[in-house]
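Shown below: entry-v8.txt, with compact mmCIF, C-alpha atoms.
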```
# COMPACT_ATOMS: atom_id res chain seq x y z
CA GLU Y 280 0.00 0.00 0.00
CA VAL Y 281 1.25 3.47 -0.91
CA GLY Y 282 2.29 5.48 2.17
CA LEU Y 283 0.64 8.73 3.20
CA ASP Y 284 3.80 10.71 2.41
CA ALA Y 285 3.81 9.43 -1.18
CA ARG Y 286 0.06 10.06 -1.58
CA VAL Y 287 0.50 13.68 -0.50
CA ARG Y 288 3.33 14.18 -2.98
CA PHE Y 289 1.26 12.62 -5.75
CA ALA Y 290 -1.57 15.02 -4.85
CA MET Y 291 0.89 17.91 -5.11
CA GLU Y 292 1.73 16.88 -8.68
CA SER Y 293 -1.99 16.76 -9.48
CA ILE Y 294 -2.39 20.28 -8.11
CA ARG Y 295 0.64 21.51 -10.06
CA GLU Y 296 -0.92 20.28 -13.31
CA GLN Y 297 -4.06 22.32 -12.61
CA LEU Y 298 -2.31 25.63 -11.95
CA ASP Y 299 -3.37 28.37 -14.33
CA GLY Y 300 -0.70 31.03 -14.80
CA ASP Y 301 -0.79 33.63 -12.03
CA VAL Y 302 -4.35 32.77 -10.97
CA PRO Y 303 -4.42 31.97 -7.21
CA LEU Y 304 -4.63 28.31 -6.35
CA SER Y 305 -8.25 27.25 -5.91
CA ALA Y 306 -9.13 26.09 -2.41
CA TYR Y 307 -11.61 23.66 -3.96
CA THR Y 308 -8.80 22.13 -6.05
CA VAL Y 309 -6.77 21.59 -2.88
CA CYS Y 310 -9.70 19.98 -1.06
CA GLU Y 311 -10.34 17.64 -3.98
CA ALA Y 312 -6.66 16.66 -4.24
CA LEU Y 313 -6.27 16.09 -0.49
CA HIS Y 314 -9.68 14.46 0.05
CA PHE Y 315 -8.02 11.33 1.47
CA LEU Y 316 -5.87 13.12 4.04
CA LEU Y 317 -8.47 13.54 6.79
CA GLU Y 318 -10.16 10.17 6.45
CA PRO Y 319 -9.88 7.87 9.51
CA SER Y 320 -7.56 5.41 7.70
CA ALA Y 321 -5.15 8.21 6.75
CA LEU Y 322 -5.22 9.72 10.24
CA ASP Y 323 -4.39 6.30 11.69
CA SER Y 324 -1.45 5.84 9.31
CA MET Y 325 0.22 9.17 10.01
CA SER Y 326 3.86 8.99 10.97
CA SER Y 327 4.63 8.87 14.69
CA ILE Y 328 7.26 11.57 14.06
CA ASN Y 329 4.40 14.07 14.22
CA GLU Y 330 3.01 12.83 17.55
CA LEU Y 331 3.77 13.71 21.15
CA SER Y 332 4.00 11.05 23.83
CA LEU Y 333 1.63 12.46 26.43
CA ASP Y 334 -0.08 10.41 29.12
CA GLU Y 335 -2.88 12.96 29.53
CA ASP Y 336 -4.89 15.14 27.22
CA PRO Y 337 -2.94 18.25 26.16
CA PRO Y 338 -3.19 21.15 28.64
CA MET Y 339 -4.51 24.39 27.29
CA GLY Y 340 -3.19 26.73 29.93
CA GLU Y 341 -5.13 28.06 32.87
CA SER Y 342 -8.80 27.13 33.13
CA ARG Y 343 -10.89 29.80 31.46
CA SER Y 344 -14.58 30.44 31.95
CA ILE Y 345 -16.13 31.66 28.74
CA THR Y 346 -19.31 30.46 27.08
CA THR Y 347 -20.37 30.22 23.46
CA LYS Y 348 -23.03 32.84 24.19
CA ASN Y 349 -20.34 35.24 25.43
CA ILE Y 350 -18.41 34.79 22.19
CA LEU Y 351 -21.37 35.17 19.85
CA GLU Y 352 -22.41 38.40 21.57
CA LYS Y 353 -19.13 40.04 20.56
CA ASP Y 354 -19.11 42.00 17.29
CA PHE Y 355 -15.64 40.72 16.43
CA ALA Y 356 -16.76 37.09 16.65
CA SER Y 357 -19.74 37.74 14.39
CA GLY Y 358 -17.40 39.44 11.94
CA VAL Y 359 -15.02 36.47 11.95
CA ILE Y 360 -17.87 34.02 11.31
CA GLN Y 361 -19.19 36.18 8.45
CA PHE Y 362 -15.68 36.35 6.98
CA ILE Y 363 -15.31 32.56 7.14
CA GLU Y 364 -18.74 31.99 5.60
CA SER Y 365 -17.94 34.41 2.76
CA CYS Y 366 -14.52 32.89 2.22
CA PHE Y 367 -16.00 29.40 2.03
CA ARG Y 368 -18.76 30.45 -0.39
CA TRP Y 369 -16.24 32.26 -2.61
CA ASN Y 370 -14.21 29.03 -2.78
CA LYS Y 371 -17.28 26.81 -3.42
CA LEU Y 372 -17.03 25.29 0.06
CA GLU Y 373 -20.49 25.54 1.61
CA ILE Y 374 -20.65 24.97 5.36
CA LYS Y 375 -22.78 21.84 5.71
CA ASP Y 376 -25.40 21.33 8.41
CA PHE Y 377 -25.00 24.99 9.33
CA ALA Y 378 -28.43 26.30 8.43
CA SER Y 379 -30.30 23.05 9.05
CA LEU Y 380 -28.97 22.44 12.56
CA GLY Y 381 -30.43 24.58 15.30
CA ASN Y 382 -27.09 24.52 17.12
CA GLY Y 383 -24.98 24.75 13.96
CA LYS Y 384 -23.56 28.16 14.83
CA LYS Y 385 -22.84 27.01 18.39
CA VAL Y 386 -20.92 23.93 17.19
CA MET Y 387 -18.95 25.98 14.67
CA THR Y 388 -18.15 28.58 17.31
CA GLU Y 389 -16.82 25.96 19.70
CA LEU Y 390 -14.60 24.58 16.95
CA ILE Y 391 -12.94 27.80 15.80
CA PHE Y 392 -12.82 29.94 18.96
CA ARG Y 393 -10.73 29.20 22.03
CA PRO Y 394 -10.92 30.92 25.43
CA ALA Y 395 -7.75 32.94 25.95
CA PHE Y 396 -7.43 35.30 28.92
CA ASP Y 397 -9.86 37.26 31.05
CA SER Y 398 -13.03 37.40 28.95
CA HIS Y 399 -11.15 37.33 25.67
CA PHE Y 400 -11.00 34.60 23.06
CA SER Y 401 -8.78 33.65 20.16
CA VAL Y 402 -9.52 32.36 16.66
CA ASP Y 403 -8.00 28.95 15.91
CA TRP Y 404 -7.13 29.44 12.23
CA PHE Y 405 -5.80 25.89 12.02
CA ALA Y 406 -9.30 24.67 12.92
CA VAL Y 407 -10.70 26.92 10.18
CA CYS Y 408 -8.30 25.28 7.69
CA ILE Y 409 -9.39 21.82 8.82
CA MET Y 410 -13.03 22.81 8.35
CA ALA Y 411 -12.22 24.01 4.83
CA LEU Y 412 -10.33 20.78 4.03
CA CYS Y 413 -13.43 18.94 5.26
CA LYS Y 414 -15.43 21.04 2.75
CA GLY Y 415 -17.41 22.72 5.51
CA ASP Y 416 -18.62 19.48 7.10
CA ILE Y 417 -18.88 20.52 10.76
CA ALA Y 418 -19.35 16.99 12.11
CA LYS Y 419 -16.30 15.72 10.23
CA THR Y 420 -14.27 18.74 11.32
CA LYS Y 421 -15.01 17.95 14.96
CA MET Y 422 -14.03 14.30 14.45
CA VAL Y 423 -10.75 15.23 12.75
CA LEU Y 424 -9.77 17.84 15.35
CA ASP Y 425 -10.61 15.48 18.23
CA THR Y 426 -8.53 12.74 16.57
CA LEU Y 427 -5.56 15.03 15.93
CA LEU Y 428 -5.62 16.60 19.39
CA PHE Y 429 -6.65 13.82 21.73
CA GLY Y 430 -6.07 10.65 19.71
CA LYS Y 431 -2.90 11.23 17.71
CA LYS Y 432 -1.70 14.22 19.81
CA ASN Y 433 -0.55 15.76 16.54
CA CYS Y 434 2.12 18.45 16.97
CA VAL Y 435 0.59 20.89 14.47
CA ALA Y 436 -2.85 20.70 16.08
CA LEU Y 437 -1.34 21.02 19.57
CA LEU Y 438 0.68 24.06 18.53
CA HIS Y 439 -2.46 26.02 17.60
CA TYR Y 440 -4.61 24.60 20.39
CA ARG Y 441 -2.10 25.82 22.96
CA HIS Y 442 -1.49 29.16 21.27
CA ALA Y 443 -5.23 29.87 21.31
CA GLY Y 444 -5.23 29.05 25.01
CA GLY Y 445 -2.40 31.47 25.79
CA ILE Y 446 0.61 29.10 25.56
CA ASP Y 447 2.76 30.50 22.76
CA SER Y 448 6.09 28.72 23.28
CA GLY Y 449 5.56 26.48 20.24
CA CYS Y 450 5.14 29.42 17.85
CA THR Y 451 8.10 31.20 19.42
CA ILE Y 452 10.46 28.24 19.00
CA ILE Y 453 9.45 27.90 15.33
CA VAL Y 454 10.39 31.55 14.76
CA ARG Y 455 13.74 30.92 16.43
CA MET Y 456 14.32 27.90 14.20
CA VAL Y 457 13.44 29.98 11.13
CA TYR Y 458 16.14 32.49 12.10
CA GLU Y 459 18.71 29.72 12.59
CA VAL Y 460 17.96 28.04 9.25
CA LEU Y 461 17.77 31.42 7.49
CA GLU Y 462 21.23 32.33 8.79
CA CYS Y 463 22.58 29.19 7.12
CA GLU Y 464 20.58 29.36 3.90
CA CYS Y 465 19.82 33.04 3.15
CA PRO Y 466 21.86 35.28 5.49
CA GLU Y 467 21.44 38.23 3.12
CA VAL Y 468 17.74 38.39 3.98
CA ILE Y 469 18.42 38.81 7.69
CA VAL Y 470 21.07 41.47 7.04
CA ALA Y 471 18.75 43.44 4.73
CA LEU Y 472 15.81 43.32 7.16
CA GLU Y 473 18.01 44.34 10.09
CA GLU Y 474 19.33 47.31 8.09
CA MET Y 475 15.74 48.49 7.59
CA GLY Y 476 14.85 47.82 11.23
CA PHE Y 477 12.03 45.55 10.12
CA PRO Y 478 10.43 43.51 12.96
CA LEU Y 479 10.70 40.07 11.32
CA SER Y 480 9.96 38.10 14.51
CA SER Y 481 6.53 39.64 15.06
CA THR Y 482 5.68 39.17 11.37
CA LEU Y 483 6.61 35.49 11.46
CA LEU Y 484 4.62 34.95 14.66
CA LEU Y 485 1.57 36.42 12.94
CA TRP Y 486 2.02 34.09 9.94
CA ILE Y 487 2.23 31.00 12.15
CA ARG Y 488 -0.58 31.99 14.52
CA GLN Y 489 -2.88 32.55 11.53
CA SER Y 490 -1.84 29.28 9.86
CA PHE Y 491 -0.92 31.50 6.89
CA VAL Y 492 -4.62 32.35 6.33
CA GLY Y 493 -4.70 35.90 4.97
CA ILE Y 494 -0.97 35.72 4.26
CA LEU Y 495 -0.92 33.28 1.35
CA SER Y 496 -3.88 32.71 -0.95
CA PHE Y 497 -6.56 30.67 0.83
CA GLY Y 498 -5.82 27.68 -1.41
CA ASP Y 499 -2.11 27.79 -0.63
CA ALA Y 500 -2.80 28.18 3.10
CA LEU Y 501 -4.95 25.03 3.01
CA LEU Y 502 -2.32 23.15 1.03
CA LEU Y 503 0.42 24.16 3.46
CA ASN Y 504 -1.62 23.03 6.46
CA GLY Y 505 -2.35 19.71 4.78
CA ILE Y 506 1.37 19.18 4.18
CA LEU Y 507 2.14 20.05 7.80
CA ILE Y 508 -0.32 17.46 9.07
CA ALA Y 509 1.15 14.75 6.85
CA LEU Y 510 4.88 15.56 6.83
CA GLY Y 511 5.53 17.18 10.19
CA VAL Y 512 5.33 20.37 12.22
CA ASP Y 513 8.95 21.27 11.33
CA TYR Y 514 7.80 21.97 7.76
CA TYR Y 515 6.54 25.26 9.21
CA VAL Y 516 10.21 26.24 9.44
CA TYR Y 517 11.14 25.08 5.94
CA PHE Y 518 8.21 26.70 4.15
CA THR Y 519 8.66 29.96 6.06
CA VAL Y 520 12.30 30.03 4.98
CA ALA Y 521 11.15 29.22 1.44
CA ILE Y 522 8.78 32.22 1.51
CA LEU Y 523 11.56 34.53 2.69
CA ARG Y 524 13.88 33.13 0.01
CA HIS Y 525 11.14 33.85 -2.53
CA LEU Y 526 11.01 37.43 -1.18
CA GLN Y 527 14.77 37.90 -1.16
CA PRO Y 528 15.02 39.99 -4.39
CA ALA Y 529 12.23 42.34 -3.22
CA ILE Y 530 13.72 42.61 0.28
CA ILE Y 531 17.21 43.38 -1.08
CA LYS Y 532 15.72 46.02 -3.39
CA GLN Y 533 13.85 47.65 -0.50
CA SER Y 534 17.03 47.62 1.57
CA SER Y 535 19.01 49.31 -1.22
CA LEU Y 536 16.38 52.03 -1.57
CA TYR Y 537 16.35 52.50 2.19
CA ARG Y 538 20.15 52.89 2.30
CA GLY Y 539 20.11 55.23 -0.71
CA LEU Y 540 17.73 57.55 1.12
CA ASN Y 541 19.73 57.27 4.37
CA GLY Y 542 16.73 55.84 6.16
CA ALA Y 543 14.57 58.87 5.36
CA ALA Y 544 11.80 56.75 3.86
CA LYS Y 545 9.85 54.03 5.62
CA ALA Y 546 10.68 50.51 4.52
CA HIS Y 547 7.76 48.36 3.41
CA PHE Y 548 7.55 44.60 3.57
CA PRO Y 549 6.76 43.15 0.11
CA ILE Y 550 3.28 41.84 0.96
CA ARG Y 551 2.21 41.56 -2.67
CA ASP Y 552 5.15 39.26 -3.35
CA VAL Y 553 4.12 37.04 -0.43
CA ARG Y 554 0.71 36.50 -2.04
CA ALA Y 555 2.47 35.35 -5.23
CA PHE Y 556 4.24 32.52 -3.38
CA ARG Y 557 3.07 29.04 -4.34
CA VAL Y 558 3.47 26.18 -1.90
CA VAL Y 559 3.50 23.53 -4.61
CA ASP Y 560 6.58 25.11 -6.23
CA ALA Y 561 8.48 25.19 -2.93
CA LEU Y 562 8.04 21.57 -1.80
CA ASP Y 563 11.33 20.36 -3.29
CA TYR Y 564 13.23 23.16 -1.55
CA ALA Y 565 11.39 22.47 1.72
CA ASP Y 566 12.33 18.79 1.42
CA CYS Y 567 15.95 19.81 0.89
CA LEU Y 568 15.89 21.96 4.04
CA CYS Y 569 14.25 19.07 5.91
CA ARG Y 570 17.11 16.73 5.02
CA ARG Y 571 19.65 19.26 6.27
CA HIS Y 572 17.93 20.62 9.37
CA ARG Y 573 15.23 18.19 10.61
CA GLY Y 574 17.35 16.67 13.37
CA HIS Y 575 17.76 20.05 15.07
CA CYS Y 576 14.43 21.70 14.19
CA LEU Y 577 12.04 18.87 14.99
CA LYS Y 578 13.72 18.09 18.31
CA GLY Y 579 13.56 21.72 19.42
CA ILE Y 580 9.88 22.14 18.51
CA VAL Y 581 8.76 18.85 20.10
CA GLU Y 582 10.60 19.60 23.34
CA LYS Y 583 8.77 22.95 23.62
CA LEU Y 584 5.39 21.32 22.99
CA ARG Y 585 5.77 18.62 25.65
```
I'd like the structure from this file rewritten - as structure tokens, please.
Amino acid sequence: EVGLDARVRFAMESIREQLDGDVPLSAYTVCEALHFLLEPSALDSMSSINELSLDEDPPMGESRSITTKNILEKDFASGVIQFIESCFRWNKLEIKDFASLGNGKKVMTELIFRPAFDSHFSVDWFAVCIMALCKGDIAKTKMVLDTLLFGKKNCVALLHYRHAGGIDSGCTIIVRMVYEVLECECPEVIVALEEMGFPLSSTLLLWIRQSFVGILSFGDALLLNGILIALGVDYYVYFTVAILRHLQPAIIKQSSLYRGLNGAAKAHFPIRDVRAFRVVDALDYADCLCRRHRGHCLKGIVEKLR
């Protein structure tokens, strides 16, 4: 039987064949190509390299008291739900059982929002990506998230579960690993960003916390999260380095302009170039980084998540 790793790579080739020039990758195309990834048989066959050995269910931080009603009463929460619904409809991913179930909005809210601190809450963008990969099937989304978190104790799921609950050490260690790999692979990028005084750490934390939703195209964000589930949490490091490598010409150009004006003008991060990044084109490079750096990166991330 073909392994999950090979099936994911075959799906990537299928996606590559469907790319249309500079048109953003369709989220529906990704969901169709990765339809097998979140089935029970695939979840069971995932590599143990992506699991944590925990005797108890993963802690989420301090116990928080916040109800679904509290969340839904907040304007921000309603705005997030409307954004997700619009995003799904735009990508031909209707949220199933949402209108028909009386508690559909309650179930969805419990899946994508996590209590954080005081009376605040956080959006779990990884859960949103899982719901999209499940084509809006709320019941399946709940099954997959429960399996990843409490059955497989999957590192990627735990990373976002804990971040949403106020434990951010996993995201922080990934950023540190990105810096270390970047210093080996693309030191010019770090030098250029430091010259401009650009806060790279906070930018990278935002990317990871949002599961790259709103950073890459929605289709590419889904594809990246699917790869992370199958190949390992350390691929966060390799793909982030790949994005920065993709941005290197634009960053160097900005740095040159900044130096030429003696710092008189404000440096801008090349956001438009980030949106042009395609995950499928960077897999080979990410695999190359994995072969060189996995021993160090994976160990560091897993130790922080324990």
Original post:
Residues at most 7 Å from Val516 of chain Y, counting all atoms listed in the file, excluding those fewer than 4 positions away in the same chain, as a ChimeraX atom specification?
Top reply: /Y:453,456-457,520
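Picture a line from atom CA of Glu318 of chain Y to atom CA of Lys421 of chain Y; it runs 12.5 Å.
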Subject >> Pairwise distance for atom CA of Leu485 of chain Y and atom CA of Arg441 of chain Y, rounded to one decimal in Å >> reply: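 Between atom CA of Leu485 of chain Y and atom CA of Arg441 of chain Y the gap is 15.0 Å.
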**OP:** State, in Å with one decimal place, the distance from atom CA of Tyr537 of chain Y to atom CA of Tyr517 of chain Y.
**Re:** 28.2 Å
Subject >> Proximity to Ala509 of chain Y - best of Y:Cys413, Y:Val435, Y:Met422, Y:Leu390, all atoms listed in the file >> reply: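 The closest residue to Ala509 of chain Y is Y:Val435.
Closest approach to Phe289 of chain Y among Y:Phe362, Y:Asp513, Y:Glu582, Y:Phe315: Y:Phe315, based on all atoms listed in the file.
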Subject >> Distance criterion (only C-alpha atoms): nearest to Leu584 of chain Y out of Y:Leu495, Y:Val512, Y:Cys408, Y:Cys463 >> reply: Y:Val512
Subject >> Top pick for closest residue to Phe400 of chain Y, considering Y:Leu283, Y:Val359, Y:Gly574, Y:Lys419 and counting only C-alpha atoms >> reply: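 The closest residue to Phe400 of chain Y is Y:Val359.
Among Y:Leu484, Y:Thr420, Y:Gly493, Y:Ile531, the residue with the shortest atom-to-atom distance to Val470 of chain Y, counting all atoms listed in the file, is Y:Ile531.
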Original post:
For Leu510 of chain Y, which residue out of Y:Leu424, Y:Leu461, Y:Cys434, Y:Val553 is the nearest one, using only C-alpha atoms?
Top reply: Y:Cys434
Original post:
Residues at most 10 Å from Arg455 of chain Y, counting all atoms listed in the file, excluding those fewer than 3 positions away in the same chain, as a ChimeraX atom specification?
Top reply: /Y:450-452,458-461,480,483,516,576,579-580
Any chance you could work out the axis-aligned box around segment 505-513 of chain Y, listed atoms only, 8 Å on each side, giving centre and edge lengths in Å to one decimal, as JSON?
```
{"center_x": 3.3, "center_y": 18.0, "center_z": 8.2, "size_x": 27.3, "size_y": 22.5, "size_z": 24.0}
```
**OP:** Considering all atoms listed in the file, return as a list in words whatever protein or nucleic-acid residues lie within 9 Å of Lys583 of chain Y, sequence-local ones (same chain, fewer than 5 positions apart) excluded.
**Re:**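 Residues near the query, excluding close chain neighbours: Ser448, Gly449, Ile452 and Lys578 of chain Y.
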